[in-house]
$ cat input.txt   # compact mmCIF, C-alpha atoms
# COMPACT_ATOMS: atom_id res chain seq x y z
CA MET Q 1 6.55 2.82 -7.03
CA ALA Q 2 5.22 2.03 -10.52
CA ASP Q 3 4.62 -1.65 -9.71
CA LYS Q 4 2.44 -0.93 -6.66
CA ARG Q 5 -1.32 -1.41 -6.76
CA ASP Q 6 -3.62 1.31 -5.47
CA TYR Q 7 -4.20 0.79 -1.73
CA TYR Q 8 -7.99 1.08 -2.12
CA GLU Q 9 -7.86 -1.55 -4.87
CA VAL Q 10 -5.76 -3.85 -2.65
CA LEU Q 11 -8.43 -3.80 0.09
CA GLY Q 12 -11.32 -3.82 -2.38
CA VAL Q 13 -12.98 -0.63 -1.10
CA ASP Q 14 -14.03 2.69 -2.62
CA LYS Q 15 -11.98 5.82 -2.04
CA GLY Q 16 -14.75 7.23 0.15
CA ALA Q 17 -14.94 4.12 2.35
CA SER Q 18 -15.40 4.69 6.10
CA ALA Q 19 -12.87 3.59 8.71
CA ASP Q 20 -15.12 0.65 9.67
CA GLU Q 21 -15.43 -0.47 6.05
CA ILE Q 22 -11.67 -0.33 5.62
CA LYS Q 23 -11.14 -2.34 8.81
CA LYS Q 24 -13.67 -5.02 7.78
CA ALA Q 25 -12.15 -5.29 4.31
CA TYR Q 26 -8.67 -5.57 5.80
CA ARG Q 27 -9.65 -8.35 8.21
CA LYS Q 28 -11.28 -10.29 5.38
CA LYS Q 29 -8.28 -9.94 3.06
CA ALA Q 30 -5.78 -10.69 5.85
CA LYS Q 31 -7.63 -13.93 6.72
CA GLU Q 32 -7.85 -14.98 3.08
CA ASN Q 33 -4.12 -14.53 2.53
CA HIS Q 34 -2.67 -15.38 5.95
CA PRO Q 35 0.61 -17.34 5.52
CA ASP Q 36 -0.43 -19.91 8.13
CA LEU Q 37 -3.37 -20.91 5.95
CA HIS Q 38 -1.22 -21.08 2.80
CA PRO Q 39 2.21 -22.44 3.78
CA ASP Q 40 4.96 -22.15 1.13
CA ASP Q 41 2.71 -20.00 -1.07
CA LYS Q 42 4.94 -17.05 -1.96
CA ALA Q 43 2.24 -15.28 -3.96
CA CYS Q 44 -0.14 -15.44 -1.01
CA GLU Q 45 2.57 -14.19 1.35
CA ALA Q 46 3.22 -11.24 -0.97
CA ARG Q 47 -0.51 -10.40 -1.04
CA PHE Q 48 -0.62 -10.59 2.78
CA LYS Q 49 2.21 -8.05 3.03
CA GLU Q 50 0.51 -5.86 0.42
CA VAL Q 51 -2.76 -5.92 2.40
CA ASN Q 52 -0.96 -4.97 5.62
CA GLU Q 53 0.89 -2.12 3.91
CA ALA Q 54 -2.38 -0.77 2.48
CA TYR Q 55 -4.15 -0.96 5.84
CA GLU Q 56 -1.25 0.73 7.66
CA VAL Q 57 -1.74 3.80 5.45
CA LEU Q 58 -5.53 3.87 5.03
CA SER Q 59 -6.25 3.25 8.72
CA ASP Q 60 -4.23 6.33 9.72
CA PRO Q 61 -6.18 9.55 8.95
CA ASP Q 62 -3.02 11.64 8.38
CA LYS Q 63 -1.34 9.06 6.14
CA ARG Q 64 -4.57 8.48 4.26
CA ALA Q 65 -4.98 12.22 3.61
CA LYS Q 66 -1.43 12.42 2.25
CA TYR Q 67 -1.98 9.33 0.11
CA ASP Q 68 -5.24 10.73 -1.30
CA GLN Q 69 -3.44 13.95 -2.24
CA TYR Q 70 -0.07 12.69 -3.47
CA GLY Q 71 -0.41 8.94 -3.92
CA PHE Q 72 2.67 6.78 -3.28
CA ALA Q 73 4.91 9.82 -3.68
CA ALA Q 74 3.80 10.98 -0.22
CA PHE Q 75 5.92 8.21 1.33
CA ASP Q 76 8.85 8.25 -1.11
CA PRO Q 77 11.84 10.08 0.46
CA ASN Q 78 13.06 10.93 -3.05
CA SER Q 79 9.79 12.57 -4.02
CA PHE Q 80 9.19 16.33 -3.95
CA GLN Q 81 6.38 15.87 -1.39
CA SER Q 82 8.95 14.65 1.11
CA SER Q 83 11.15 17.74 0.63
CA ALA Q 84 11.00 20.88 2.73
CA ASP Q 85 8.13 23.26 2.08
CA GLY Q 86 8.62 26.15 -0.32
CA PHE Q 87 11.84 26.23 -2.35
CA GLY Q 88 12.81 22.64 -1.52
CA GLY Q 89 9.81 21.21 -3.32
CA PHE Q 90 10.12 23.78 -6.13
CA ALA Q 91 13.74 22.82 -6.61
CA ASP Q 92 12.83 19.15 -6.99
CA ILE Q 93 10.22 20.02 -9.63
CA LEU Q 94 12.91 21.87 -11.58
CA ASN Q 95 15.12 18.85 -11.05
CA ASP Q 96 12.54 16.74 -12.91
CA LEU Q 97 12.45 19.29 -15.74
CA PHE Q 98 16.18 19.86 -16.24
CA GLY Q 99 17.65 16.56 -15.02
CA GLY Q 100 19.97 15.90 -12.08
CA GLY Q 101 19.74 17.49 -8.63
CA PHE Q 102 18.81 21.17 -8.75
CA GLY Q 103 21.43 23.41 -7.20
CA GLY Q 104 20.66 27.10 -7.78
CA PHE Q 105 19.98 29.88 -10.26
CA GLY Q 106 23.15 31.73 -11.11
CA GLY Q 107 21.09 34.36 -12.87
CA PHE Q 108 19.01 34.94 -9.73
CA GLY Q 109 22.00 35.45 -7.48
CA GLY Q 110 21.65 32.66 -4.94
CA GLY Q 111 20.80 29.01 -4.83
CA PHE Q 112 18.97 26.19 -3.19
CA ASN Q 113 20.91 23.29 -1.73
CA THR Q 114 19.00 20.01 -1.89
CA THR Q 115 22.04 17.77 -1.49
CA ARG Q 116 21.65 14.90 0.94
CA ASN Q 117 24.81 13.92 2.72
CA PRO Q 118 25.37 10.21 1.94
CA ASN Q 119 27.28 9.81 5.18
CA ALA Q 120 24.64 11.42 7.41
CA PRO Q 121 22.81 9.18 9.92
CA SER Q 122 19.80 7.44 8.39
CA ARG Q 123 17.07 5.38 10.00
CA GLY Q 124 16.92 1.64 9.39
CA GLY Q 125 14.06 -0.01 7.59
CA SER Q 126 11.05 -1.60 9.27
CA VAL Q 127 10.78 -5.38 9.34
CA ARG Q 128 7.43 -7.12 8.91
CA THR Q 129 6.49 -10.56 10.16
CA SER Q 130 3.45 -12.44 11.44
CA VAL Q 131 2.54 -14.78 14.30
CA THR Q 132 -0.50 -16.96 15.00
CA VAL Q 133 -1.86 -17.39 18.54
CA ASP Q 134 -4.70 -19.33 20.15
CA PHE Q 135 -8.01 -17.72 21.12
CA LYS Q 136 -7.15 -17.62 24.83
CA GLU Q 137 -3.58 -16.43 24.16
CA ALA Q 138 -5.04 -13.46 22.29
CA ALA Q 139 -7.48 -12.83 25.14
CA PHE Q 140 -5.00 -12.89 28.02
CA GLY Q 141 -1.72 -12.14 26.25
CA CYS Q 142 1.36 -14.33 25.88
CA LYS Q 143 5.04 -14.36 24.92
CA LYS Q 144 6.20 -15.67 21.56
CA GLU Q 145 9.70 -16.21 20.21
CA LEU Q 146 9.94 -15.19 16.55
CA THR Q 147 12.70 -15.59 14.00
CA VAL Q 148 13.02 -12.45 11.90
CA GLN Q 149 15.46 -11.46 9.19
CA LYS Q 150 16.88 -7.96 9.46
CA VAL Q 151 19.81 -5.89 8.26
CA GLU Q 152 22.72 -5.38 10.68
CA PRO Q 153 26.25 -3.99 10.49
CA CYS Q 154 28.80 -6.48 9.21
CA ASP Q 155 30.83 -7.99 12.07
CA THR Q 156 33.91 -8.45 9.90
CA CYS Q 157 34.35 -4.79 8.90
CA GLY Q 158 32.29 -3.14 11.64
CA GLY Q 159 30.00 -1.57 9.07
CA THR Q 160 32.71 0.29 7.13
CA GLY Q 161 32.54 -1.96 4.08
CA CYS Q 162 36.36 -2.12 3.99
CA GLU Q 163 38.56 -5.15 4.43
CA PRO Q 164 39.93 -5.16 8.02
CA GLY Q 165 43.10 -3.07 8.26
CA THR Q 166 42.10 -0.80 5.38
CA THR Q 167 40.08 2.41 5.16
CA ALA Q 168 37.95 4.07 2.54
CA GLU Q 169 39.18 7.10 0.60
CA ILE Q 170 37.09 10.26 0.39
CA CYS Q 171 36.04 10.57 -3.23
CA PRO Q 172 38.31 13.15 -4.89
CA GLU Q 173 35.64 13.93 -7.47
CA CYS Q 174 32.78 14.98 -5.15
CA HIS Q 175 34.86 15.48 -1.96
CA GLY Q 176 32.58 13.17 0.00
CA SER Q 177 29.28 14.86 -0.89
CA GLY Q 178 28.12 12.08 -3.24
CA SER Q 179 27.10 14.57 -5.94
CA VAL Q 180 28.71 17.01 -8.33
CA LEU Q 181 27.53 20.41 -9.60
CA ARG Q 182 27.31 21.06 -13.29
CA THR Q 183 26.82 24.57 -14.72
CA SER Q 184 25.10 25.26 -18.02
CA ARG Q 185 23.84 28.35 -19.81
CA THR Q 186 20.05 28.59 -20.33
CA PRO Q 187 17.64 31.30 -21.49
CA PHE Q 188 17.11 32.08 -17.78
CA GLY Q 189 20.81 32.56 -17.12
CA MET Q 190 23.40 30.22 -15.69
CA MET Q 191 21.85 27.06 -14.29
CA GLN Q 192 23.46 24.68 -11.80
CA THR Q 193 22.31 21.10 -11.56
CA GLN Q 194 23.38 18.32 -9.24
CA ASP Q 195 24.22 14.87 -10.53
CA THR Q 196 25.17 11.74 -8.63
CA CYS Q 197 28.91 11.37 -8.62
CA SER Q 198 29.80 8.74 -11.21
CA ARG Q 199 33.11 7.88 -9.57
CA CYS Q 200 31.76 6.84 -6.13
CA GLY Q 201 28.18 6.11 -7.14
CA GLY Q 202 26.86 8.68 -4.65
CA SER Q 203 28.46 7.14 -1.55
CA GLY Q 204 31.03 9.91 -1.14
CA LYS Q 205 33.83 7.41 -0.63
CA ILE Q 206 35.86 4.90 -2.60
CA ILE Q 207 36.57 1.48 -1.14
CA HIS Q 208 39.71 0.01 -2.69
CA LYS Q 209 39.54 -3.30 -0.78
CA PRO Q 210 35.89 -4.25 -0.12
CA CYS Q 211 35.09 -6.49 2.82
CA ALA Q 212 34.81 -10.10 1.65
CA THR Q 213 31.85 -10.79 3.96
CA CYS Q 214 29.52 -7.93 3.00
CA LYS Q 215 31.04 -7.16 -0.45
CA GLY Q 216 31.67 -3.58 0.59
CA LYS Q 217 28.10 -2.81 1.63
CA GLY Q 218 28.88 -2.64 5.34
CA MET Q 219 25.56 -4.37 6.14
CA VAL Q 220 24.41 -8.00 6.08
CA ARG Q 221 21.12 -9.83 6.56
CA ARG Q 222 20.81 -12.06 9.60
CA ASN Q 223 18.13 -14.18 11.23
CA ARG Q 224 17.52 -13.17 14.83
CA LYS Q 225 15.31 -14.71 17.51
CA ILE Q 226 13.21 -12.06 19.26
CA LYS Q 227 10.82 -12.54 22.17
CA VAL Q 228 7.61 -10.60 21.64
CA ASP Q 229 4.96 -9.76 24.23
CA ILE Q 230 1.51 -10.26 22.69
CA PRO Q 231 -0.77 -7.85 24.62
CA ALA Q 232 -4.01 -9.07 26.21
CA GLY Q 233 -7.03 -8.26 24.06
CA ILE Q 234 -5.24 -8.33 20.70
CA ASP Q 235 -7.61 -9.13 17.82
CA ASP Q 236 -7.13 -11.06 14.61
CA GLY Q 237 -5.32 -9.01 11.95
CA GLN Q 238 -4.00 -6.30 14.28
CA THR Q 239 -0.35 -5.26 14.08
CA ILE Q 240 2.05 -4.65 16.97
CA SER Q 241 4.78 -2.05 16.42
CA LEU Q 242 8.01 -2.67 18.36
CA ARG Q 243 10.18 0.41 18.13
CA GLY Q 244 13.88 -0.08 17.44
CA LEU Q 245 13.72 -3.83 16.75
CA GLY Q 246 13.86 -3.52 12.95
CA SER Q 247 16.89 -3.19 10.69
CA ALA Q 248 19.88 -1.21 11.93
CA GLY Q 249 20.35 2.39 10.83
CA ARG Q 250 23.37 3.63 8.88
CA ASN Q 251 26.06 5.95 10.11
CA GLY Q 252 24.76 5.90 13.66
CA GLY Q 253 21.11 6.39 12.69
CA PRO Q 254 18.32 4.76 14.75
CA ALA Q 255 17.06 1.26 13.98
CA GLY Q 256 13.71 0.75 12.30
CA ASP Q 257 10.66 -0.92 13.85
CA LEU Q 258 9.50 -4.52 13.96
CA LEU Q 259 5.87 -4.82 12.82
CA VAL Q 260 4.18 -8.05 13.93
CA THR Q 261 0.75 -8.88 12.48
CA VAL Q 262 -1.20 -11.23 14.75
CA GLY Q 263 -3.48 -13.98 13.49
CA VAL Q 264 -5.91 -15.64 15.94
CA ARG Q 265 -6.99 -19.27 15.51
CA ASN Q 266 -10.70 -20.02 15.58
CA ASN Q 267 -12.10 -21.54 18.79
CA THR Q 268 -14.53 -24.46 18.75
CA GLU Q 269 -16.50 -23.15 21.77
CA PHE Q 270 -16.44 -19.38 21.54
CA GLU Q 271 -16.80 -16.63 18.99
CA ARG Q 272 -15.56 -13.10 19.45
CA ASP Q 273 -17.16 -9.74 18.75
CA GLY Q 274 -14.77 -7.00 19.85
CA ALA Q 275 -14.37 -7.45 23.61
CA SER Q 276 -17.43 -9.72 23.84
CA VAL Q 277 -17.39 -13.52 23.90
CA LEU Q 278 -20.32 -15.37 22.32
CA TYR Q 279 -21.36 -18.87 23.35
CA GLU Q 280 -24.29 -21.11 22.38
CA LEU Q 281 -25.77 -23.17 25.22
CA PRO Q 282 -27.72 -26.29 24.19
CA ILE Q 283 -30.45 -27.37 26.66
CA SER Q 284 -33.26 -29.91 26.61
CA ILE Q 285 -36.99 -29.17 26.38
CA ALA Q 286 -37.39 -30.20 30.01
CA GLN Q 287 -34.61 -27.85 31.15
CA ALA Q 288 -36.13 -24.98 29.17
CA ALA Q 289 -39.63 -25.60 30.55
CA LEU Q 290 -38.76 -26.36 34.15
CA GLY Q 291 -35.57 -24.35 34.53
CA ALA Q 292 -32.24 -25.91 35.48
CA GLU Q 293 -28.80 -25.24 36.88
CA VAL Q 294 -26.22 -25.79 34.15
CA GLU Q 295 -22.46 -25.40 33.71
CA VAL Q 296 -21.35 -22.75 31.23
CA PRO Q 297 -17.80 -22.61 29.79
CA THR Q 298 -16.00 -19.26 30.06
CA LEU Q 299 -12.44 -18.13 29.34
CA ASP Q 300 -11.78 -18.54 33.08
CA GLY Q 301 -13.26 -22.04 33.31
CA LYS Q 302 -16.77 -23.40 33.88
CA VAL Q 303 -19.30 -21.51 36.00
CA LYS Q 304 -22.76 -22.49 37.22
CA TYR Q 305 -25.74 -20.65 35.77
CA THR Q 306 -29.44 -21.03 36.52
CA VAL Q 307 -31.63 -21.14 33.42
CA PRO Q 308 -35.03 -19.67 34.37
CA GLU Q 309 -38.24 -21.64 34.01
CA GLY Q 310 -39.95 -21.18 30.63
CA THR Q 311 -36.79 -20.08 28.75
CA GLN Q 312 -37.32 -19.85 24.98
CA SER Q 313 -34.83 -20.91 22.32
CA GLY Q 314 -32.79 -17.88 21.21
CA THR Q 315 -32.90 -16.15 24.59
CA VAL Q 316 -29.62 -14.36 25.38
CA PHE Q 317 -28.14 -14.11 28.87
CA ARG Q 318 -25.09 -12.08 29.90
CA LEU Q 319 -22.18 -12.93 32.18
CA ARG Q 320 -20.57 -9.63 33.14
CA GLY Q 321 -16.79 -9.39 33.05
CA LYS Q 322 -16.28 -12.79 31.43
CA GLY Q 323 -15.29 -11.46 28.02
CA ILE Q 324 -12.03 -10.26 26.44
CA PRO Q 325 -9.78 -7.80 28.32
CA TYR Q 326 -9.82 -4.35 26.72
CA LEU Q 327 -6.68 -3.74 24.68
CA GLN Q 328 -4.49 -1.11 26.36
CA GLY Q 329 -7.20 -0.45 28.91
CA SER Q 330 -8.69 -1.78 32.12
CA GLY Q 331 -11.58 -4.15 32.63
CA ARG Q 332 -13.10 -6.82 30.41
CA GLY Q 333 -16.05 -7.27 28.12
CA ASP Q 334 -18.95 -9.64 28.76
CA GLU Q 335 -19.88 -13.15 27.69
CA TYR Q 336 -23.23 -13.56 25.95
CA ILE Q 337 -24.99 -16.93 26.17
CA THR Q 338 -27.52 -17.77 23.48
CA VAL Q 339 -29.85 -20.61 24.50
CA ARG Q 340 -30.64 -23.27 21.91
CA VAL Q 341 -33.41 -25.72 22.87
CA ASN Q 342 -32.72 -29.15 21.39
CA THR Q 343 -35.73 -30.98 19.97
CA PRO Q 344 -35.43 -34.70 20.82
CA GLN Q 345 -35.11 -37.21 17.97
CA ASN Q 346 -35.59 -40.99 17.62
CA LEU Q 347 -38.19 -41.14 20.39
CA THR Q 348 -39.53 -44.47 21.61
CA SER Q 349 -43.24 -45.26 21.36
CA GLU Q 350 -43.62 -44.67 25.07
CA GLN Q 351 -41.91 -41.27 24.88
CA LYS Q 352 -44.05 -40.20 21.93
CA GLU Q 353 -47.22 -41.17 23.81
CA LEU Q 354 -46.12 -39.20 26.85
CA LEU Q 355 -45.46 -36.13 24.69
CA ARG Q 356 -48.89 -36.45 23.02
CA ARG Q 357 -50.59 -36.57 26.37
CA LEU Q 358 -48.51 -33.66 27.63
CA GLY Q 359 -49.41 -31.64 24.54
CA GLU Q 360 -53.10 -32.39 24.97
CA SER Q 361 -52.93 -31.25 28.58
CA PHE Q 362 -51.59 -27.85 27.48
CA GLY Q 363 -54.40 -27.21 25.05
CA ASP Q 364 -54.12 -23.83 23.29
CA GLN Q 365 -51.66 -22.40 25.82
CA GLY Q 366 -48.90 -24.59 24.43
CA LEU Q 367 -49.15 -22.89 21.01
CA ALA Q 368 -47.69 -19.55 19.99
CA LYS Q 369 -50.56 -17.29 18.99
CA LYS Q 370 -50.18 -15.50 15.66
CA LYS Q 371 -51.60 -12.11 14.85
CA GLY Q 372 -54.11 -11.80 12.05
CA LEU Q 373 -52.99 -10.62 8.65
CA PHE Q 374 -54.48 -7.12 9.03
CA ARG Q 375 -53.59 -6.71 12.71
$ encode --input "input.txt" --output "structure tokens"
Amino acid sequence: MADKRDYYEVLGVDKGASADEIKKAYRKKAKENHPDLHPDDKACEARFKEVNEAYEVLSDPDKRAKYDQYGFAAFDPNSFQSSADGFGGFADILNDLFGGGFGGFGGFGGGFNTTRNPNAPSRGGSVRTSVTVDFKEAAFGCKKELTVQKVEPCDTCGGTGCEPGTTAEICPECHGSGSVLRTSRTPFGMMQTQDTCSRCGGSGKIIHKPCATCKGKGMVRRNRKIKVDIPAGIDDGQTISLRGLGSAGRNGGPAGDLLVTVGVRNNTEFERDGASVLYELPISIAQAALGAEVEVPTLDGKVKYTVPEGTQSGTVFRLRGKGIPYLQGSGRGDEYITVRVNTPQNLTSEQKELLRRLGESFGDQGLAKKKGLFR
């Protein structure tokens, strides 16, 4: 854990930052370091993963509270914060003081057992990857086939780590526990400490003929193609968690999760604000003054819209239900149309004369009246 940067530093926010500030900082950092924008840049890919890891913790109130209290140790299974409450954590503190795993106080008549069975079922690790989708694919959802690398049991040995036809021997030193007890005399009485078994390396078994494919590990890394459903309404930088599609567990333990971070390509027509779609509609002076029926692009195709007479540049109209579907909900947001009145350029002499005469016919009513300085 010593090589990790502080999660707040990774996102560039203060420790007291609000949830919205953390989300905005994450989206900015994720865009800056997205692998699709920096192909073959390993340093950028590493920063992207670091940003996602930081956001996964700081965006969750419970995880953030634990991180603020214990730091990275809150998520380290070998740390005392991850032990059972009470004597379990106290035992691990003593373990740091006296070395080795802490077994029990002989002088106190009893003991604490903090041994972890190396052959007990353990959950597989999570696998992280990313995918980039188009604006409309993010809006309405889509299917993507991804290639991910994950850890799976070795096909040659079936996960045992032994050459086919052979079996592992239970370690005669630790009797399969992976650790040994050592007793020493201290000022407090007889002290028992637990050390990793040096003969089996903590595995609890000795493999005399390791599998040639996995080198005795029982697990190998493989590339797998996985079809992923991208939900409608997903936003740029959000992560999908697919339970059980990560690396395989050991000794019958459950598989980890597949975490897919989604990047959304920019659209030349639309912008997005949450579930709202933003669009700028250019119209002529004549259309703004006289009103006109125009075609407006939406995510569902073009629709006809009547621009009222006398519409000013910057006026915003709303098309209900033409926005982004709500993620994990029902209904859709709205589309907001901002009118931009185009001023004509490169006019002919005849057109300029017509505009002068038109302006003169308006008189003062064609000018926007300004309030006095002290009004």
$ residues_near_point --input "input.txt" --point "(7.8, -2.8, 20.8)" --cutoff "10 Å" --atoms "only C-alpha atoms" --output "PyMOL selection string"
chain Q and resi 228-230+240-246+257-260
$ atom_distance --input "input.txt" --atom1 "CA of Gly176 in chain Q" --atom2 "CA of Val220 in chain Q"
23.5 Å
$ closest_residue --input "input.txt" --among "Q:Thr132, Q:Gln238, Q:Ser276, Q:Ser247" --to "Leu146 in chain Q" --atoms "all atoms listed in the file"
Q:Thr132
$ residues_around --input "input.txt" --residues "Thr239 in chain Q" --least-positions-apart "5" --cutoff "10 Å" --atoms "all atoms listed in the file" --output "ChimeraX atom specification"
/Q:52,56,128-131,234,258-263
$ closest_residue --input "input.txt" --among "Q:Ala289, Q:Ala73, Q:Ala139, Q:Val294" --to "Glu271 in chain Q" --atoms "all atoms listed in the file"
Q:Ala139
$ residues_near_point --input "input.txt" --point "(-34.0, -24.3, 28.4)" --cutoff "8 Å" --atoms "only C-alpha atoms" --output "list of chain:residue names"
Q:Pro282, Q:Ile283, Q:Ser284, Q:Ile285, Q:Ala286, Q:Gln287, Q:Ala288, Q:Ala289, Q:Leu290, Q:Gly291, Q:Ala292, Q:Val307, Q:Pro308, Q:Glu309, Q:Gly310, Q:Thr311, Q:Gln312, Q:Ser313, Q:Val339, Q:Arg340, Q:Val341
$ atom_distance --input "input.txt" --atom1 "CA of Asp68 in chain Q" --atom2 "CA of Lys15 in chain Q"
8.4 Å
$ atom_distance --input "input.txt" --atom1 "CA of Arg265 in chain Q" --atom2 "CA of Asp134 in chain Q"
5.2 Å
$ residues_around --input "input.txt" --residues "Val151 in chain Q" --least-positions-apart "5" --cutoff "9 Å" --atoms "all atoms listed in the file" --output "list in words"
Gly124, Gly125, Met219, Val220, Arg221, Arg222, Asn223, Gly246, Ser247, Ala248 and Gly249 of chain Q
$ residues_around --input "input.txt" --residues "Arg5 in chain Q" --least-positions-apart "6" --cutoff "12 Å" --atoms "all atoms listed in the file" --output "PyMOL selection string"
chain Q and resi 11-12+47+50-51+53-54+71-72
$ decode --input "input.txt" --residues "range 223-298 of chain Q" --atoms "C-alpha atoms" --output "short mmCIF file (atom, residue, chain, number, x, y, z; two decimals), in the first residue's frame"
data_model
loop_
_atom_site.label_atom_id
_atom_site.label_comp_id
_atom_site.auth_asym_id
_atom_site.auth_seq_id
_atom_site.Cartn_x
_atom_site.Cartn_y
_atom_site.Cartn_z
CA ASN Q 223 -8.32 -13.58 -22.43
CA ARG Q 224 -12.07 -14.07 -22.59
CA LYS Q 225 -14.70 -12.45 -24.81
CA ILE Q 226 -17.68 -11.24 -22.76
CA LYS Q 227 -20.88 -9.65 -24.04
CA VAL Q 228 -21.89 -6.70 -21.89
CA ASP Q 229 -25.26 -4.94 -21.81
CA ILE Q 230 -24.70 -1.18 -21.64
CA PRO Q 231 -27.83 0.19 -19.87
CA ALA Q 232 -29.85 3.03 -21.39
CA GLY Q 233 -29.00 6.37 -19.80
CA ILE Q 234 -25.40 5.54 -18.88
CA ASP Q 235 -23.23 8.66 -18.62
CA ASP Q 236 -19.60 9.29 -19.44
CA GLY Q 237 -17.25 7.98 -16.73
CA GLN Q 238 -19.79 5.76 -14.96
CA THR Q 239 -18.86 2.17 -14.08
CA ILE Q 240 -20.99 -0.95 -14.53
CA SER Q 241 -20.46 -3.76 -12.01
CA LEU Q 242 -21.12 -7.27 -13.36
CA ARG Q 243 -21.18 -9.70 -10.46
CA GLY Q 244 -19.35 -13.00 -10.87
CA LEU Q 245 -17.66 -12.16 -14.19
CA GLY Q 246 -14.25 -11.36 -12.70
CA SER Q 247 -11.41 -13.71 -11.80
CA ALA Q 248 -12.26 -17.16 -10.45
CA GLY Q 249 -12.18 -17.79 -6.71
CA ARG Q 250 -9.90 -20.33 -5.05
CA ASN Q 251 -10.92 -23.54 -3.36
CA GLY Q 252 -14.52 -23.21 -4.48
CA GLY Q 253 -14.83 -19.53 -3.55
CA PRO Q 254 -17.04 -17.18 -5.62
CA ALA Q 255 -15.67 -15.31 -8.64
CA GLY Q 256 -14.95 -11.60 -8.44
CA ASP Q 257 -16.75 -8.87 -10.38
CA LEU Q 258 -16.13 -7.31 -13.77
CA LEU Q 259 -16.04 -3.50 -13.54
CA VAL Q 260 -16.60 -1.74 -16.87
CA THR Q 261 -16.02 2.02 -17.04
CA VAL Q 262 -17.97 3.60 -19.91
CA GLY Q 263 -16.67 6.47 -22.01
CA VAL Q 264 -19.11 8.38 -24.25
CA ARG Q 265 -17.96 10.00 -27.50
CA ASN Q 266 -18.88 13.64 -28.08
CA ASN Q 267 -21.76 14.34 -30.47
CA THR Q 268 -21.57 17.06 -33.12
CA GLU Q 269 -25.27 17.99 -32.76
CA PHE Q 270 -26.15 17.49 -29.12
CA GLU Q 271 -24.74 18.14 -25.69
CA ARG Q 272 -25.83 16.36 -22.54
CA ASP Q 273 -26.65 17.63 -19.07
CA GLY Q 274 -27.77 14.70 -16.93
CA ALA Q 275 -30.94 13.40 -18.58
CA SER Q 276 -31.37 16.56 -20.66
CA VAL Q 277 -30.30 17.02 -24.28
CA LEU Q 278 -29.16 20.48 -25.40
CA TYR Q 279 -29.37 21.66 -29.00
CA GLU Q 280 -28.67 25.01 -30.68
CA LEU Q 281 -31.08 25.96 -33.47
CA PRO Q 282 -29.79 28.50 -36.01
CA ILE Q 283 -32.51 30.61 -37.70
CA SER Q 284 -32.53 33.65 -39.97
CA ILE Q 285 -33.61 37.19 -39.03
CA ALA Q 286 -36.73 36.76 -41.14
CA GLN Q 287 -37.66 33.49 -39.40
CA ALA Q 288 -37.13 35.09 -35.98
CA ALA Q 289 -39.22 38.15 -36.86
CA LEU Q 290 -42.03 36.49 -38.77
CA GLY Q 291 -42.05 33.08 -37.12
CA ALA Q 292 -41.49 29.85 -39.05
CA GLU Q 293 -41.98 26.11 -39.02
CA VAL Q 294 -38.58 24.42 -38.77
CA GLU Q 295 -37.21 20.88 -38.43
CA VAL Q 296 -35.41 20.12 -35.18
CA PRO Q 297 -33.12 17.08 -34.75
CA THR Q 298 -33.82 14.84 -31.74
#
